[in-house]
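Some notes on the structure that comes next.
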Amino acid sequence: MRSIPTWLVSEPCTDVDLGVIKTGKEAQVNLVQRTGADGTTCQFARKRYLPREVKFKGQLEALGVQRASTFVNDVQYREGRQFRKSRDRRAVAQMSTYGKRLLQDRWTGHEHEIMTRLWKAGLSVPYPIAYGDDVFDLEYIGDDTQAAPQLNAARLTRVELDEAFAQVVAGLRIVIREGFAHGDLSAYNLLWWDDRIWFIDFPQAVDIAANLAGLDFVRRDVVNICGWFQHKGLDVDADDVFDDLLHFM
Ligand SMILES: Nc1ncnc2c1ncn2[C@@H]1O[C@H](COP(=O)(O)OP(=O)(O)O)[C@@H](O)[C@H]1O
Ligand SMILES: [Mg+2]
């Protein structure tokens with residue numbers, strides 16, 4: 001069992017925003033420093049989900065966000081994750097304000113829930129600390145001078161590329177064993193730090209058993225990431241990787 005990092009979550013504490021790490025497709029991630037009553041400090045990443053729909057020009061700017069997000073139709077992802085109450089299902093189907101709110105909350109909570117499961121299963125994911133009100137706090141990967149680069153931007157040697165690929169496959173085996181497809185796997189959603197791959201960005205993760213298209217998402221992830229490694233000169237085969245993963249279901 002991995003040890004759980006100590007975060008000052010239950011004691012009174014103050015948070016100071018140290019600035020933006022990155023504005024991604026759907027979220028802005030900031031570095032936050034938390035100081036406890038006794039003066040102890042820790043740093044973590046705070047992911048703030050961007051509004052799924054921009055209602056008026058300047059809304060994002062007004063919220064302090066630098067760049068607009070693309071609205072992703074998540075109907076396909078939601079399949080198999082039905083709302084229990086019929087009132088909620090109707091609201092989502094009609095996309096009423098309440099329905100949109102439900103979806104947003106679910107999206108945020110979903111990422112936290114999946115990452116918690118995968119962290120416990122031993123996957124290399126930042127430790128999911130807490131979520132609420134469209135923000136998700138998680139372990140920060142990086143140091144005082146820089147955040148961990150996305151795999152895409154990390155300058156890996158040939159030996160490191162081989163190592164990274166092996167770690168990605170090992171990680172995917174854990175993800176599929178736990179019954180999920182990442183759903184948006186790419187060299188942008190993997191970080192490379194201290195010779196280690198970190199999987200991030202799970203809001204769209206799919207429950208394979210509950211979603212008929214689940215394996216299609218796994219295949220798409222595998223094709224995407226194998227394509228990137230091939231482009232970097234590695235002799236890898238997406239079909240072989242996919243077949244291997246099926247043994248871990
Ligand atoms: N825990 C973390 N530590 C360091 N950087 C992170 C962390 N989480 C996210 N990032 C950075 O923020 C970017 C956006 O986060 P991500 O979860 O991928 O959201 P999005 O849906 O916006 O792509 C990542 O690509 C990465 O560069
Ligand atoms: Mg991302």
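FYI, nothing fancy with the structure tokens labels: chains A, B, ... in order, residues from 1 per chain, ligands from 1 as they appear.
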Would you kindly return, as number ranges by chain, each protein, DNA or RNA residue with an atom no farther than 7 Å from any atom of stretch 28-41 of chain A, considering only C-alpha atoms and excluding same-chain residues fewer than 5 positions away? A: 8, 11-23, 46-49
Selection from above, all heavy atoms, as a tab-separated table (two decimals), in the first residue's frame, can you write it?
chain	number	residue	atom	x	y	z
A	8	LEU	N	-2.48	19.37	4.57
A	8	LEU	CA	-3.14	20.04	5.68
A	8	LEU	C	-4.60	20.24	5.33
A	8	LEU	O	-5.02	21.33	5.02
A	8	LEU	CB	-2.46	21.39	5.92
A	8	LEU	CG	-0.94	21.32	6.11
A	8	LEU	CD1	-0.30	22.66	5.85
A	8	LEU	CD2	-0.63	20.84	7.51
A	11	GLU	N	-7.02	20.69	9.26
A	11	GLU	CA	-6.75	21.79	10.19
A	11	GLU	C	-7.06	23.14	9.55
A	11	GLU	O	-7.15	23.24	8.33
A	11	GLU	CB	-5.26	21.79	10.55
A	11	GLU	CG	-4.76	20.48	11.06
A	11	GLU	CD	-3.24	20.37	10.92
A	11	GLU	OE1	-2.58	21.41	10.84
A	11	GLU	OE2	-2.75	19.24	10.89
A	12	PRO	N	-7.17	24.18	10.39
A	12	PRO	CA	-7.36	25.50	9.78
A	12	PRO	C	-6.10	25.86	8.99
A	12	PRO	O	-4.99	25.57	9.44
A	12	PRO	CB	-7.51	26.45	10.98
A	12	PRO	CG	-7.33	25.63	12.21
A	12	PRO	CD	-7.10	24.21	11.83
A	13	CYS	N	-6.27	26.42	7.84
A	13	CYS	CA	-5.10	26.74	7.03
A	13	CYS	C	-5.43	27.88	6.08
A	13	CYS	O	-6.59	28.21	5.87
A	13	CYS	CB	-4.67	25.51	6.24
A	13	CYS	SG	-6.01	24.81	5.27
A	14	THR	N	-4.38	28.47	5.50
A	14	THR	CA	-4.60	29.50	4.50
A	14	THR	C	-3.96	29.09	3.19
A	14	THR	O	-2.87	28.51	3.19
A	14	THR	CB	-4.00	30.87	4.92
A	14	THR	OG1	-2.69	30.62	5.44
A	14	THR	CG2	-4.83	31.56	5.97
A	15	ASP	N	-4.64	29.37	2.11
A	15	ASP	CA	-4.14	29.03	0.78
A	15	ASP	C	-3.71	30.29	0.04
A	15	ASP	O	-4.42	31.29	0.06
A	15	ASP	CB	-5.24	28.33	-0.04
A	15	ASP	CG	-5.53	26.93	0.47
A	15	ASP	OD1	-4.73	26.43	1.29
A	15	ASP	OD2	-6.55	26.36	0.05
A	16	VAL	N	-2.56	30.23	-0.58
A	16	VAL	CA	-2.12	31.35	-1.42
A	16	VAL	C	-1.88	30.82	-2.82
A	16	VAL	O	-1.21	29.80	-3.01
A	16	VAL	CB	-0.80	31.96	-0.87
A	16	VAL	CG1	-0.30	33.06	-1.80
A	16	VAL	CG2	-1.01	32.52	0.52
A	17	ASP	N	-2.47	31.51	-3.79
A	17	ASP	CA	-2.32	31.12	-5.18
A	17	ASP	C	-0.95	31.59	-5.69
A	17	ASP	O	-0.65	32.77	-5.66
A	17	ASP	CB	-3.45	31.79	-5.98
A	17	ASP	CG	-3.44	31.38	-7.44
A	17	ASP	OD1	-2.52	30.62	-7.83
A	17	ASP	OD2	-4.33	31.82	-8.17
A	18	LEU	N	-0.13	30.66	-6.14
A	18	LEU	CA	1.21	31.04	-6.61
A	18	LEU	C	1.25	31.28	-8.12
A	18	LEU	O	2.30	31.60	-8.67
A	18	LEU	CB	2.23	29.97	-6.22
A	18	LEU	CG	2.41	29.69	-4.72
A	18	LEU	CD1	3.50	28.65	-4.50
A	18	LEU	CD2	2.76	30.96	-3.95
A	19	GLY	N	0.12	31.08	-8.79
A	19	GLY	CA	0.09	31.37	-10.22
A	19	GLY	C	-0.35	30.20	-11.08
A	19	GLY	O	-0.48	29.08	-10.60
A	20	VAL	N	-0.56	30.48	-12.35
A	20	VAL	CA	-1.06	29.47	-13.29
A	20	VAL	C	0.07	28.53	-13.71
A	20	VAL	O	1.15	28.98	-14.08
A	20	VAL	CB	-1.63	30.15	-14.56
A	20	VAL	CG1	-2.12	29.10	-15.56
A	20	VAL	CG2	-2.76	31.10	-14.21
A	21	ILE	N	-0.19	27.24	-13.62
A	21	ILE	CA	0.75	26.25	-14.16
A	21	ILE	C	0.46	26.11	-15.65
A	21	ILE	O	1.35	26.16	-16.48
A	21	ILE	CB	0.58	24.87	-13.48
A	21	ILE	CG1	0.93	24.94	-11.98
A	21	ILE	CG2	1.44	23.84	-14.18
A	21	ILE	CD1	0.66	23.65	-11.23
A	22	LYS	N	-0.81	25.96	-15.97
A	22	LYS	CA	-1.19	25.76	-17.36
A	22	LYS	C	-2.70	25.92	-17.54
A	22	LYS	O	-3.46	25.51	-16.68
A	22	LYS	CB	-0.80	24.34	-17.79
A	22	LYS	CG	-0.85	24.10	-19.25
A	22	LYS	CD	0.47	23.50	-19.71
A	22	LYS	CE	0.75	23.83	-21.14
A	22	LYS	NZ	2.16	23.92	-21.44
A	23	THR	N	-3.08	26.51	-18.66
A	23	THR	CA	-4.49	26.50	-19.01
A	23	THR	C	-4.64	25.45	-20.10
A	23	THR	O	-4.02	25.57	-21.15
A	23	THR	CB	-4.96	27.87	-19.53
A	23	THR	OG1	-4.66	28.84	-18.53
A	23	THR	CG2	-6.45	27.87	-19.78
A	46	ARG	N	-4.17	23.00	-8.18
A	46	ARG	CA	-5.62	23.21	-8.09
A	46	ARG	C	-6.18	23.33	-9.50
A	46	ARG	O	-5.85	24.26	-10.22
A	46	ARG	CB	-5.94	24.45	-7.26
A	46	ARG	CG	-7.42	24.84	-7.33
A	46	ARG	CD	-7.77	25.77	-6.21
A	46	ARG	NE	-7.84	25.05	-4.94
A	46	ARG	CZ	-7.99	25.64	-3.75
A	46	ARG	NH1	-8.07	26.96	-3.68
A	46	ARG	NH2	-8.07	24.93	-2.65
A	47	LYS	N	-7.00	22.37	-9.86
A	47	LYS	CA	-7.57	22.35	-11.21
A	47	LYS	C	-8.96	22.96	-11.16
A	47	LYS	O	-9.82	22.50	-10.41
A	47	LYS	CB	-7.63	20.90	-11.70
A	47	LYS	CG	-8.21	20.73	-13.09
A	47	LYS	CD	-7.98	19.30	-13.60
A	47	LYS	CE	-8.63	19.11	-14.95
A	47	LYS	NZ	-8.37	17.78	-15.53
A	48	ARG	N	-9.14	24.00	-11.93
A	48	ARG	CA	-10.42	24.69	-11.95
A	48	ARG	C	-11.06	24.43	-13.30
A	48	ARG	O	-10.50	24.78	-14.34
A	48	ARG	CB	-10.16	26.18	-11.77
A	48	ARG	CG	-11.29	26.95	-11.24
A	48	ARG	CD	-10.76	28.19	-10.52
A	48	ARG	NE	-11.59	29.32	-10.87
A	48	ARG	CZ	-11.18	30.34	-11.60
A	48	ARG	NH1	-9.95	30.39	-12.08
A	48	ARG	NH2	-11.99	31.32	-11.86
A	49	TYR	N	-12.22	23.80	-13.29
A	49	TYR	CA	-12.88	23.47	-14.56
A	49	TYR	C	-13.46	24.72	-15.17
A	49	TYR	O	-14.11	25.51	-14.49
A	49	TYR	CB	-13.96	22.43	-14.34
A	49	TYR	CG	-13.41	21.13	-13.82
A	49	TYR	CD1	-13.14	20.96	-12.47
A	49	TYR	CD2	-13.10	20.09	-14.68
A	49	TYR	CE1	-12.59	19.79	-11.97
A	49	TYR	CE2	-12.54	18.91	-14.20
A	49	TYR	CZ	-12.30	18.77	-12.85
A	49	TYR	OH	-11.74	17.61	-12.38
What's around stretch 143-150 of chain A at 12 Å? Count only C-alpha atoms, leave out sequence neighbours fewer than 4 positions away in its own chain, and write the answer as number ranges by chain. A: 18-22, 24, 29-33, 42-45, 126, 139, 154-156, 185-201
Nearest-residue call for A:Ala181, choices A:Phe217, A:Phe136, A:Phe242, A:Tyr98, using only C-alpha atoms: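 Selected residue with least distance to A:Ala181: A:Phe217.
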Select, from A:Gly109, A:Gly142, A:Gly171, A:Gly214, the residue with the minimum atom-to-atom distance to A:Gly122, counting only C-alpha atoms.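 Counting only C-alpha atoms, the residue closest to A:Gly122 is A:Gly171.
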Can you tell me how far atom CA of A:Gln204 sits from atom CA of A:Glu111, in Å to one decimal?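 Separating atom CA of A:Gln204 from atom CA of A:Glu111 is a distance of 7.6 Å.
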Shell around A:Lys232 at 9 Å using only C-alpha atoms, local window under 4 positions removed, as a PyMOL selection string: chain A and resi 158+161+227-228
What's the 8 Å shell around A:Met115, counting only C-alpha atoms, without same-chain residues fewer than 5 positions away, as a ChimeraX atom specification? /A:125,127-128,202
Selected residues written out, C-alpha atoms, as an mmCIF file, in the first residue's frame:
data_model
loop_
_atom_site.group_PDB
_atom_site.id
_atom_site.type_symbol
_atom_site.label_atom_id
_atom_site.label_comp_id
_atom_site.auth_asym_id
_atom_site.auth_seq_id
_atom_site.Cartn_x
_atom_site.Cartn_y
_atom_site.Cartn_z
ATOM 1 C CA VAL A 125 -1.407 9.497 -10.878
ATOM 2 C CA TYR A 127 -2.670 12.014 -5.393
ATOM 3 C CA PRO A 128 -6.268 13.305 -5.560
ATOM 4 C CA PHE A 202 -9.485 11.833 -16.251
#
Hey, can you check how far atom 2 (C, counted along the ligand's line) of ligand 1 sits from atom CA of A:Ala27? 11.8 Å
Of the candidates A:Arg219, A:Glu113, A:Leu50, A:Leu212, which one gets nearest to A:Val135 if we count only C-alpha atoms?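 Once distances to A:Val135 are computed over only C-alpha atoms, the minimum belongs to A:Leu50.
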What lies within 9 Å of A:His112 using only C-alpha atoms, ignoring chain neighbours under 4 positions off, as a ChimeraX atom specification? /A:107-108,116-117,128-131,136-138,202-203
Separation of atom CA of A:Asp184 from atom CA of A:Ala91, in Å and rounded to one decimal: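 Value for the atom CA of A:Asp184-atom CA of A:Ala91 distance: 26.7 Å.
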Residues within 10 Å of A:Met249, only C-alpha atoms, excluding chain neighbours under 6 positions, as a PyMOL selection string: chain A and resi 173-180+208-209
So which residues touch A:Cys226 within 10 Å, counting only C-alpha atoms, skipping near sequence neighbours fewer than 4 positions away, as a ChimeraX atom specification? /A:165,168-169,186-187,220-222,230-232,234-239,241
